[in-house]
>>> print(open('entry_8.cif').read())   # mmCIF, C-alpha atoms
data_coords
loop_
_atom_site.label_atom_id
_atom_site.label_comp_id
_atom_site.auth_asym_id
_atom_site.auth_seq_id
_atom_site.Cartn_x
_atom_site.Cartn_y
_atom_site.Cartn_z
CA MET R 18 38.26 -8.24 -0.18
CA THR R 19 35.49 -10.39 1.17
CA ASP R 20 32.74 -9.31 -1.19
CA VAL R 21 31.45 -12.83 -1.57
CA GLY R 22 27.71 -12.07 -1.74
CA PHE R 23 27.94 -10.27 -5.05
CA SER R 24 30.94 -11.85 -6.70
CA PRO R 25 31.03 -11.59 -10.48
CA SER R 26 30.51 -15.30 -10.96
CA ARG R 27 27.39 -15.32 -8.81
CA ARG R 28 26.05 -12.34 -10.72
CA LEU R 29 26.71 -14.09 -14.04
CA ILE R 30 24.86 -17.17 -12.84
CA LEU R 31 21.91 -15.04 -11.75
CA GLN R 32 21.89 -13.23 -15.08
CA GLY R 33 21.97 -16.57 -16.83
CA ILE R 34 18.96 -17.74 -14.85
CA GLY R 35 17.18 -14.48 -15.62
CA ALA R 36 17.89 -14.80 -19.32
CA VAL R 37 16.61 -18.37 -19.38
CA ALA R 38 13.48 -17.28 -17.54
CA LEU R 39 12.88 -14.49 -20.03
CA VAL R 40 13.34 -16.77 -23.00
CA GLY R 41 11.07 -19.29 -21.35
CA LEU R 42 8.32 -16.73 -20.96
CA GLY R 43 8.56 -15.80 -24.64
CA ASN R 44 6.40 -12.86 -25.71
CA LEU R 45 3.74 -13.09 -23.07
CA PRO R 46 1.80 -9.83 -23.39
CA PHE R 47 1.77 -9.07 -19.66
CA LEU R 48 5.54 -9.25 -19.25
CA PRO R 49 6.08 -5.47 -18.80
CA SER R 50 3.47 -5.27 -16.05
CA ALA R 51 4.93 -8.37 -14.38
CA LEU R 52 8.31 -6.66 -14.28
CA ALA R 53 6.76 -3.46 -12.98
CA ALA R 54 5.04 -5.37 -10.21
CA ALA R 55 8.35 -6.87 -9.14
CA ASN R 56 9.75 -3.39 -8.69
CA ASP R 57 8.86 -2.64 -5.08
CA LYS R 58 10.73 0.63 -4.65
CA TYR R 59 9.00 3.21 -2.44
CA PRO R 60 7.46 5.91 -4.72
CA GLU R 61 9.17 8.87 -3.03
CA ASP R 62 8.15 11.47 -5.64
CA ALA R 63 4.47 10.52 -5.60
CA PHE R 64 4.41 11.07 -1.84
CA LYS R 65 5.78 14.60 -2.32
CA ALA R 66 3.11 15.73 -4.79
CA LYS R 67 0.67 18.33 -3.47
CA SER R 68 -2.25 17.59 -5.79
CA GLU R 69 -3.84 14.23 -6.52
CA ALA R 70 -3.34 14.75 -10.25
CA ASP R 71 0.43 15.13 -9.76
CA ALA R 72 0.52 12.17 -7.36
CA ILE R 73 -1.31 9.92 -9.81
CA LYS R 74 0.99 11.04 -12.62
CA ALA R 75 4.09 10.37 -10.50
CA LEU R 76 2.75 6.97 -9.48
CA TYR R 77 1.43 5.68 -12.81
CA GLY R 78 2.53 8.15 -15.52
CA LYS R 79 -1.02 8.53 -16.84
CA SER R 80 -4.51 9.64 -15.82
CA PRO R 81 -7.48 7.52 -14.71
CA GLU R 82 -11.02 7.46 -16.06
CA PRO R 83 -14.00 7.30 -13.68
CA SER R 84 -15.54 3.84 -13.42
CA ASP R 85 -18.60 2.55 -11.57
CA LYS R 86 -16.75 -0.77 -11.22
CA VAL R 87 -14.58 0.83 -8.56
CA LYS R 88 -16.59 0.81 -5.35
CA MET R 89 -15.51 3.00 -2.47
CA ASP R 90 -16.91 2.59 1.00
CA ALA R 91 -16.32 5.82 2.95
CA PRO R 92 -18.49 7.73 5.43
CA GLU R 93 -20.57 10.76 4.36
CA ILE R 94 -19.44 12.58 7.47
CA ALA R 95 -16.30 11.78 9.43
CA GLU R 96 -16.47 12.91 13.03
CA ASN R 97 -12.74 12.42 13.46
CA GLY R 98 -10.53 13.34 10.52
CA ALA R 99 -7.59 11.57 12.16
CA MET R 100 -9.15 8.19 11.47
CA VAL R 101 -11.44 7.87 8.47
CA PRO R 102 -12.14 4.28 7.43
CA VAL R 103 -12.06 3.86 3.64
CA ALA R 104 -12.42 0.59 1.76
CA VAL R 105 -12.23 -0.21 -1.94
CA THR R 106 -13.40 -3.18 -3.94
CA THR R 107 -13.54 -3.69 -7.66
CA THR R 108 -14.96 -6.21 -10.09
CA LEU R 109 -12.40 -5.17 -12.71
CA PRO R 110 -10.21 -8.14 -13.71
CA ASP R 111 -6.41 -8.18 -13.35
CA GLY R 112 -6.15 -5.48 -10.70
CA THR R 113 -2.49 -4.75 -9.97
CA SER R 114 -2.62 -1.74 -7.66
CA ILE R 115 -4.93 0.47 -5.62
CA SER R 116 -4.13 3.95 -4.33
CA PHE R 117 -5.88 6.45 -2.06
CA GLN R 118 -5.73 10.23 -2.50
CA VAL R 119 -7.24 13.06 -0.41
CA SER R 120 -7.32 16.21 -2.55
CA LYS R 121 -7.14 18.77 0.28
CA ASN R 122 -4.46 17.09 2.39
CA PRO R 123 -1.01 18.76 2.32
CA VAL R 124 0.23 15.62 0.57
CA ALA R 125 -2.54 14.20 -1.60
CA LEU R 126 -1.33 10.59 -1.82
CA VAL R 127 -2.08 8.64 1.35
CA ALA R 128 -1.43 5.04 0.43
CA SER R 129 -0.62 2.88 -2.57
CA TYR R 130 -1.04 -0.90 -2.51
CA LYS R 131 0.49 -3.42 -4.88
CA ILE R 132 -1.75 -6.35 -5.71
CA PRO R 133 0.20 -9.35 -7.07
CA ALA R 134 -1.62 -12.09 -9.01
CA GLY R 135 -3.60 -14.20 -6.55
CA THR R 136 -4.37 -11.29 -4.24
CA LEU R 137 -7.89 -9.88 -4.38
CA PRO R 138 -8.36 -6.22 -5.42
CA ASN R 139 -10.05 -5.33 -2.12
CA VAL R 140 -8.36 -3.14 0.48
CA SER R 141 -9.55 -1.46 3.67
CA ASN R 142 -7.54 1.08 5.63
CA ARG R 143 -7.83 4.17 7.81
CA ILE R 144 -6.66 7.56 6.59
CA LYS R 145 -6.23 11.10 7.90
CA MET R 146 -8.16 14.02 6.43
CA ALA R 147 -7.20 17.63 7.18
CA LYS R 148 -10.66 18.94 6.26
CA THR R 149 -13.73 18.22 4.15
CA SER R 150 -12.39 16.95 0.84
CA ASN R 151 -12.77 14.62 -2.06
CA VAL R 152 -11.32 11.15 -1.56
CA ILE R 153 -10.11 9.63 -4.82
CA VAL R 154 -9.27 5.99 -5.24
CA VAL R 155 -7.46 4.72 -8.30
CA VAL R 156 -7.42 1.08 -9.39
CA GLU R 157 -4.90 -0.10 -11.96
CA ALA R 158 -6.35 -3.07 -13.81
CA GLY R 159 -5.15 -4.66 -17.04
CA GLY R 160 -2.68 -1.77 -17.46
CA LYS R 161 -5.42 0.90 -17.35
CA LEU R 162 -6.43 3.30 -14.59
CA TYR R 163 -9.92 3.63 -13.16
CA SER R 164 -11.08 5.92 -10.38
CA ALA R 165 -13.90 6.61 -7.96
CA ASN R 166 -14.49 9.86 -6.12
CA LYS R 167 -16.44 10.73 -2.99
CA GLU R 168 -16.70 13.83 -0.84
CA VAL R 169 -16.25 13.14 2.86
CA LYS R 170 -17.27 15.91 5.26
CA VAL R 171 -14.90 16.29 8.18
CA THR R 172 -16.11 17.93 11.37
CA VAL R 173 -12.77 17.80 13.23
CA GLY R 174 -9.60 17.84 11.10
CA GLY R 175 -7.01 15.12 11.42
CA CYS R 176 -3.87 17.08 10.75
CA GLY R 177 -3.90 19.29 13.85
CA GLY R 178 -2.44 22.79 13.64
CA MET W 30 10.15 -6.08 23.19
CA ALA W 31 6.73 -7.09 22.11
CA SER W 32 6.10 -6.87 18.40
CA THR W 33 4.52 -3.69 17.04
CA ILE W 34 2.57 -5.85 14.58
CA ARG W 35 -0.66 -7.63 15.36
CA VAL W 36 -2.04 -9.84 12.63
CA ARG W 37 -5.08 -12.01 12.20
CA ALA W 38 -5.12 -14.22 9.11
CA THR W 39 -8.04 -16.58 8.57
CA SER W 40 -8.43 -19.02 5.71
CA LYS W 41 -11.77 -20.04 4.23
CA ASP W 42 -12.48 -21.63 0.85
CA ASP W 43 -8.96 -20.91 -0.54
CA VAL W 44 -9.22 -17.22 0.41
CA THR W 45 -7.12 -15.95 3.30
CA GLU W 46 -8.30 -12.71 4.86
CA VAL W 47 -5.58 -10.73 6.57
CA GLN W 48 -6.04 -7.92 9.08
CA ALA W 49 -3.02 -6.11 10.45
CA LEU W 50 -2.76 -3.48 13.15
CA ILE W 51 0.59 -1.81 13.78
CA GLN W 52 1.69 0.43 16.61
CA HIS W 53 3.29 3.49 15.08
CA PRO W 54 2.86 7.27 15.58
CA MET W 55 2.53 7.95 11.81
CA ASP W 56 3.52 11.62 12.27
CA SER W 57 2.94 13.39 8.97
CA GLY W 58 5.32 16.31 9.59
CA PHE W 59 2.47 18.82 9.22
CA VAL W 60 1.25 18.80 12.82
CA LYS W 61 2.44 21.21 15.51
CA ASP W 62 2.72 20.29 19.17
CA SER W 63 1.30 22.35 22.07
CA LYS W 64 4.35 24.66 21.98
CA GLY W 65 3.76 25.42 18.32
CA GLU W 66 6.74 23.39 17.15
CA THR W 67 6.39 21.10 14.17
CA ILE W 68 6.48 17.40 15.00
CA PRO W 69 8.96 15.94 12.49
CA PRO W 70 7.70 13.32 10.04
CA HIS W 71 7.87 9.76 11.34
CA PHE W 72 5.78 7.24 9.46
CA ILE W 73 5.91 3.74 8.01
CA GLN W 74 6.82 3.85 4.33
CA GLN W 75 6.51 0.24 3.31
CA LEU W 76 4.70 -2.76 4.73
CA THR W 77 5.04 -6.16 3.07
CA PHE W 78 3.32 -9.52 3.46
CA GLU W 79 4.96 -12.74 2.28
CA HIS W 80 3.53 -16.22 2.02
CA ASP W 81 5.75 -19.16 1.10
CA GLY W 82 8.58 -16.85 0.03
CA LYS W 83 6.31 -14.92 -2.32
CA ASN W 84 5.08 -11.37 -1.86
CA VAL W 85 1.28 -11.28 -1.57
CA PHE W 86 0.73 -7.62 -0.66
CA THR W 87 2.79 -4.42 -0.43
CA ALA W 88 1.61 -1.17 1.13
CA ASP W 89 3.43 2.09 0.32
CA TRP W 90 2.35 4.61 2.91
CA GLY W 91 2.71 8.35 3.43
CA GLY W 92 2.10 10.46 6.51
CA GLY W 93 -1.62 10.55 5.69
CA VAL W 94 -2.24 7.05 7.03
CA SER W 95 -3.81 7.13 10.50
CA LYS W 96 -1.83 6.60 13.69
CA ASP W 97 -1.56 2.92 14.65
CA PRO W 98 -2.41 1.93 11.09
CA TYR W 99 -4.87 -0.77 10.13
CA VAL W 100 -5.10 -2.58 6.82
CA LYS W 101 -7.20 -5.46 5.54
CA PHE W 102 -6.77 -7.47 2.34
CA ALA W 103 -7.28 -11.02 1.07
CA PHE W 104 -5.31 -13.44 -1.09
CA LYS W 105 -5.62 -16.93 -2.54
CA GLY W 106 -3.42 -20.01 -2.41
CA ALA W 107 -2.67 -20.38 1.32
CA LYS W 108 -4.07 -22.90 3.77
CA LYS W 109 -4.58 -23.13 7.51
CA GLY W 110 -1.30 -23.54 9.38
CA ASP W 111 0.77 -21.75 6.72
CA GLU W 112 2.95 -18.89 7.84
CA LEU W 113 2.63 -15.27 6.82
CA LYS W 114 5.64 -12.99 7.22
CA ILE W 115 4.97 -9.31 7.83
CA SER W 116 7.61 -6.55 7.78
CA TRP W 117 7.62 -2.78 7.84
CA VAL W 118 10.22 -0.04 7.44
CA ASP W 119 9.69 3.62 8.35
CA ASN W 120 11.19 6.89 7.07
CA LYS W 121 13.86 6.80 9.80
CA GLY W 122 14.99 3.31 8.78
CA ALA W 123 13.44 1.50 11.75
CA THR W 124 11.94 -1.91 10.98
CA ASP W 125 9.95 -4.69 12.56
CA THR W 126 9.09 -8.19 11.37
CA THR W 127 6.80 -10.89 12.62
CA THR W 128 5.27 -14.13 11.41
CA ALA W 129 1.68 -15.19 11.92
CA LYS W 130 0.03 -18.58 11.47
CA ILE W 131 -2.95 -18.64 9.20
CA GLN W 132 -5.99 -19.90 11.11
#
>>> encode(input="entry_8.cif", output="structure tokens")
Amino acid sequence: MTDVGFSPSRRLILQGIGAVALVGLGNLPFLPSALAAANDKYPEDAFKAKSEADAIKALYGKSPEPSDKVKMDAPEIAENGAMVPVAVTTTLPDGTSISFQVSKNPVALVASYKIPAGTLPNVSNRIKMAKTSNVIVVVEAGGKLYSANKEVKVTVGGCGG
Amino acid sequence: MASTIRVRATSKDDVTEVQALIQHPMDSGFVKDSKGETIPPHFIQQLTFEHDGKNVFTADWGGGVSKDPYVKFAFKGAKKGDELKISWVDNKGATDTTTAKIQ
């Protein structure tokens, strides 16, 4: 046996440190979200959902409300559905994640970004769109979900076939 | 082999803006080739950025992200000359890592 990396003693020490850290933090109200943010597992189920509602539920376990504080920058018409630039910014405080959904793609969820403290809630990326569809962005801020919605017309689809 | 990751990170007034461009096919698994056969899914699932041992940004991606993906974000607390570590892993378990100096 050469299982040195995870020997019981090392684990106990780590648990001890963790316990001290938890006690040290006391009852800070944002502790659950801080723990959730530290969990960086790939959200497999959310990326299997067909509809954006199911994807959002799998990702966050609740539904968003529309907010004009979530600003989406996406083209009216995308000439090439294989590469549609979409950017999101928000003035909402304490943003912890941003996700992008395309309702008529075979898999609605395109991307989900985790925003640790100190990182600005602004993300730009390029997504594929199978056809003309609503693009939905969801911002998680202060433990609540906010969304913005925009229809992007696609003249040439990005998912081939 | 040259890195698949190209990064530009520029610092101004305590805000570091990061742009990353990665070479990857990002096959969704829904596209057929010219013979009518489905191209199997092959896409980056997770992309992470670390500064000073601390995660500053994580991207979870599906097959709906464009080929040769691009992402831009910004974070606070870094200065010029600091290093940024960038890593990705795809659905087949392939990975790549690089470090970039903040300018």
>>> closest_residue(input="entry_8.cif", among="R:Ser150, R:Thr107, R:Asn142, R:Gln118", to="chain W", atoms="all atoms listed in the file")
R:Asn142
>>> resolve_selection(input="entry_8.cif", expression="the PyMOL selection byres ((chain W) within 7 of (chain R))", output="list in words")
Phe59, Val60, Lys61, Gln75, Val85, Phe86, Thr87, Ala88, Asp89, Trp90, Gly91, Gly92, Gly93, Val94, Ser95, Pro98, Tyr99, Val100, Lys101, Phe102, Ala103, Phe104 and Lys105 of chain W
>>> write_last_selection(input="entry_8.cif", atoms="C-alpha atoms", output="compact mmCIF listing (two decimals), in the frame of the given file")
# COMPACT_ATOMS: atom_id res chain seq x y z
CA PHE W 59 2.47 18.82 9.22
CA VAL W 60 1.25 18.80 12.82
CA LYS W 61 2.44 21.21 15.51
CA GLN W 75 6.51 0.24 3.31
CA VAL W 85 1.28 -11.28 -1.57
CA PHE W 86 0.73 -7.62 -0.66
CA THR W 87 2.79 -4.42 -0.43
CA ALA W 88 1.61 -1.17 1.13
CA ASP W 89 3.43 2.09 0.32
CA TRP W 90 2.35 4.61 2.91
CA GLY W 91 2.71 8.35 3.43
CA GLY W 92 2.10 10.46 6.51
CA GLY W 93 -1.62 10.55 5.69
CA VAL W 94 -2.24 7.05 7.03
CA SER W 95 -3.81 7.13 10.50
CA PRO W 98 -2.41 1.93 11.09
CA TYR W 99 -4.87 -0.77 10.13
CA VAL W 100 -5.10 -2.58 6.82
CA LYS W 101 -7.20 -5.46 5.54
CA PHE W 102 -6.77 -7.47 2.34
CA ALA W 103 -7.28 -11.02 1.07
CA PHE W 104 -5.31 -13.44 -1.09
CA LYS W 105 -5.62 -16.93 -2.54
>>> atom_distance(input="entry_8.cif", atom1="CA of Lys74 (chain R)", atom2="CA of Glu79 (chain W)")
28.3 Å
>>> atom_distance(input="entry_8.cif", atom1="CA of Ala91 (chain R)", atom2="CA of Asn166 (chain R)")
10.1 Å
>>> residues_around(input="entry_8.cif", residues="region 67-73 of chain W", least_positions_apart="3", cutoff="6 Å", atoms="all atoms listed in the file", output="MDAnalysis selection string")
chainID W and resid 55:58 60:61 92 118:120
>>> residues_around(input="entry_8.cif", residues="region 153-157 of chain R", least_positions_apart="4", cutoff="9 Å", atoms="only C-alpha atoms", output="PyMOL selection string")
chain R and resi 69+73+77+81-83+87-89+105+107+109+111-120+138+161-168
>>> residues_around(input="entry_8.cif", residues="Ser40 (chain W)", least_positions_apart="4", cutoff="10 Å", atoms="only C-alpha atoms", output="JSON, numbers by chain")
{"W": [44, 45, 46, 47, 103, 104, 105, 106, 107, 108, 109, 110, 111, 131, 132]}
>>> residues_around(input="entry_8.cif", residues="Thr33 (chain W)", least_positions_apart="3", cutoff="9 Å", atoms="only C-alpha atoms", output="short mmCIF file (atom, residue, chain, number, x, y, z; two decimals) with C-alpha atoms, in the frame of the given file")
data_model
loop_
_atom_site.label_atom_id
_atom_site.label_comp_id
_atom_site.auth_asym_id
_atom_site.auth_seq_id
_atom_site.Cartn_x
_atom_site.Cartn_y
_atom_site.Cartn_z
CA MET W 30 10.15 -6.08 23.19
CA LEU W 50 -2.76 -3.48 13.15
CA ILE W 51 0.59 -1.81 13.78
CA GLN W 52 1.69 0.43 16.61
CA HIS W 53 3.29 3.49 15.08
CA ASP W 125 9.95 -4.69 12.56
CA THR W 126 9.09 -8.19 11.37
CA THR W 127 6.80 -10.89 12.62
#
>>> closest_residue(input="entry_8.cif", among="W:Ala123, W:Lys130, W:Ser116, W:Pro54", to="Lys96 (chain W)", atoms="only C-alpha atoms")
W:Pro54
>>> axis_aligned_box(input="entry_8.cif", around="region 105-123 of chain W", padding_each_side="3 Å", output="lines of an AutoDock Vina configuration file")
center_x = 4.7
center_y = -8.3
center_z = 4.6
size_x = 26.6
size_y = 36.4
size_z = 20.3
>>> atom_distance(input="entry_8.cif", atom1="CA of Leu76 (chain R)", atom2="CA of Ala49 (chain W)")
24.5 Å
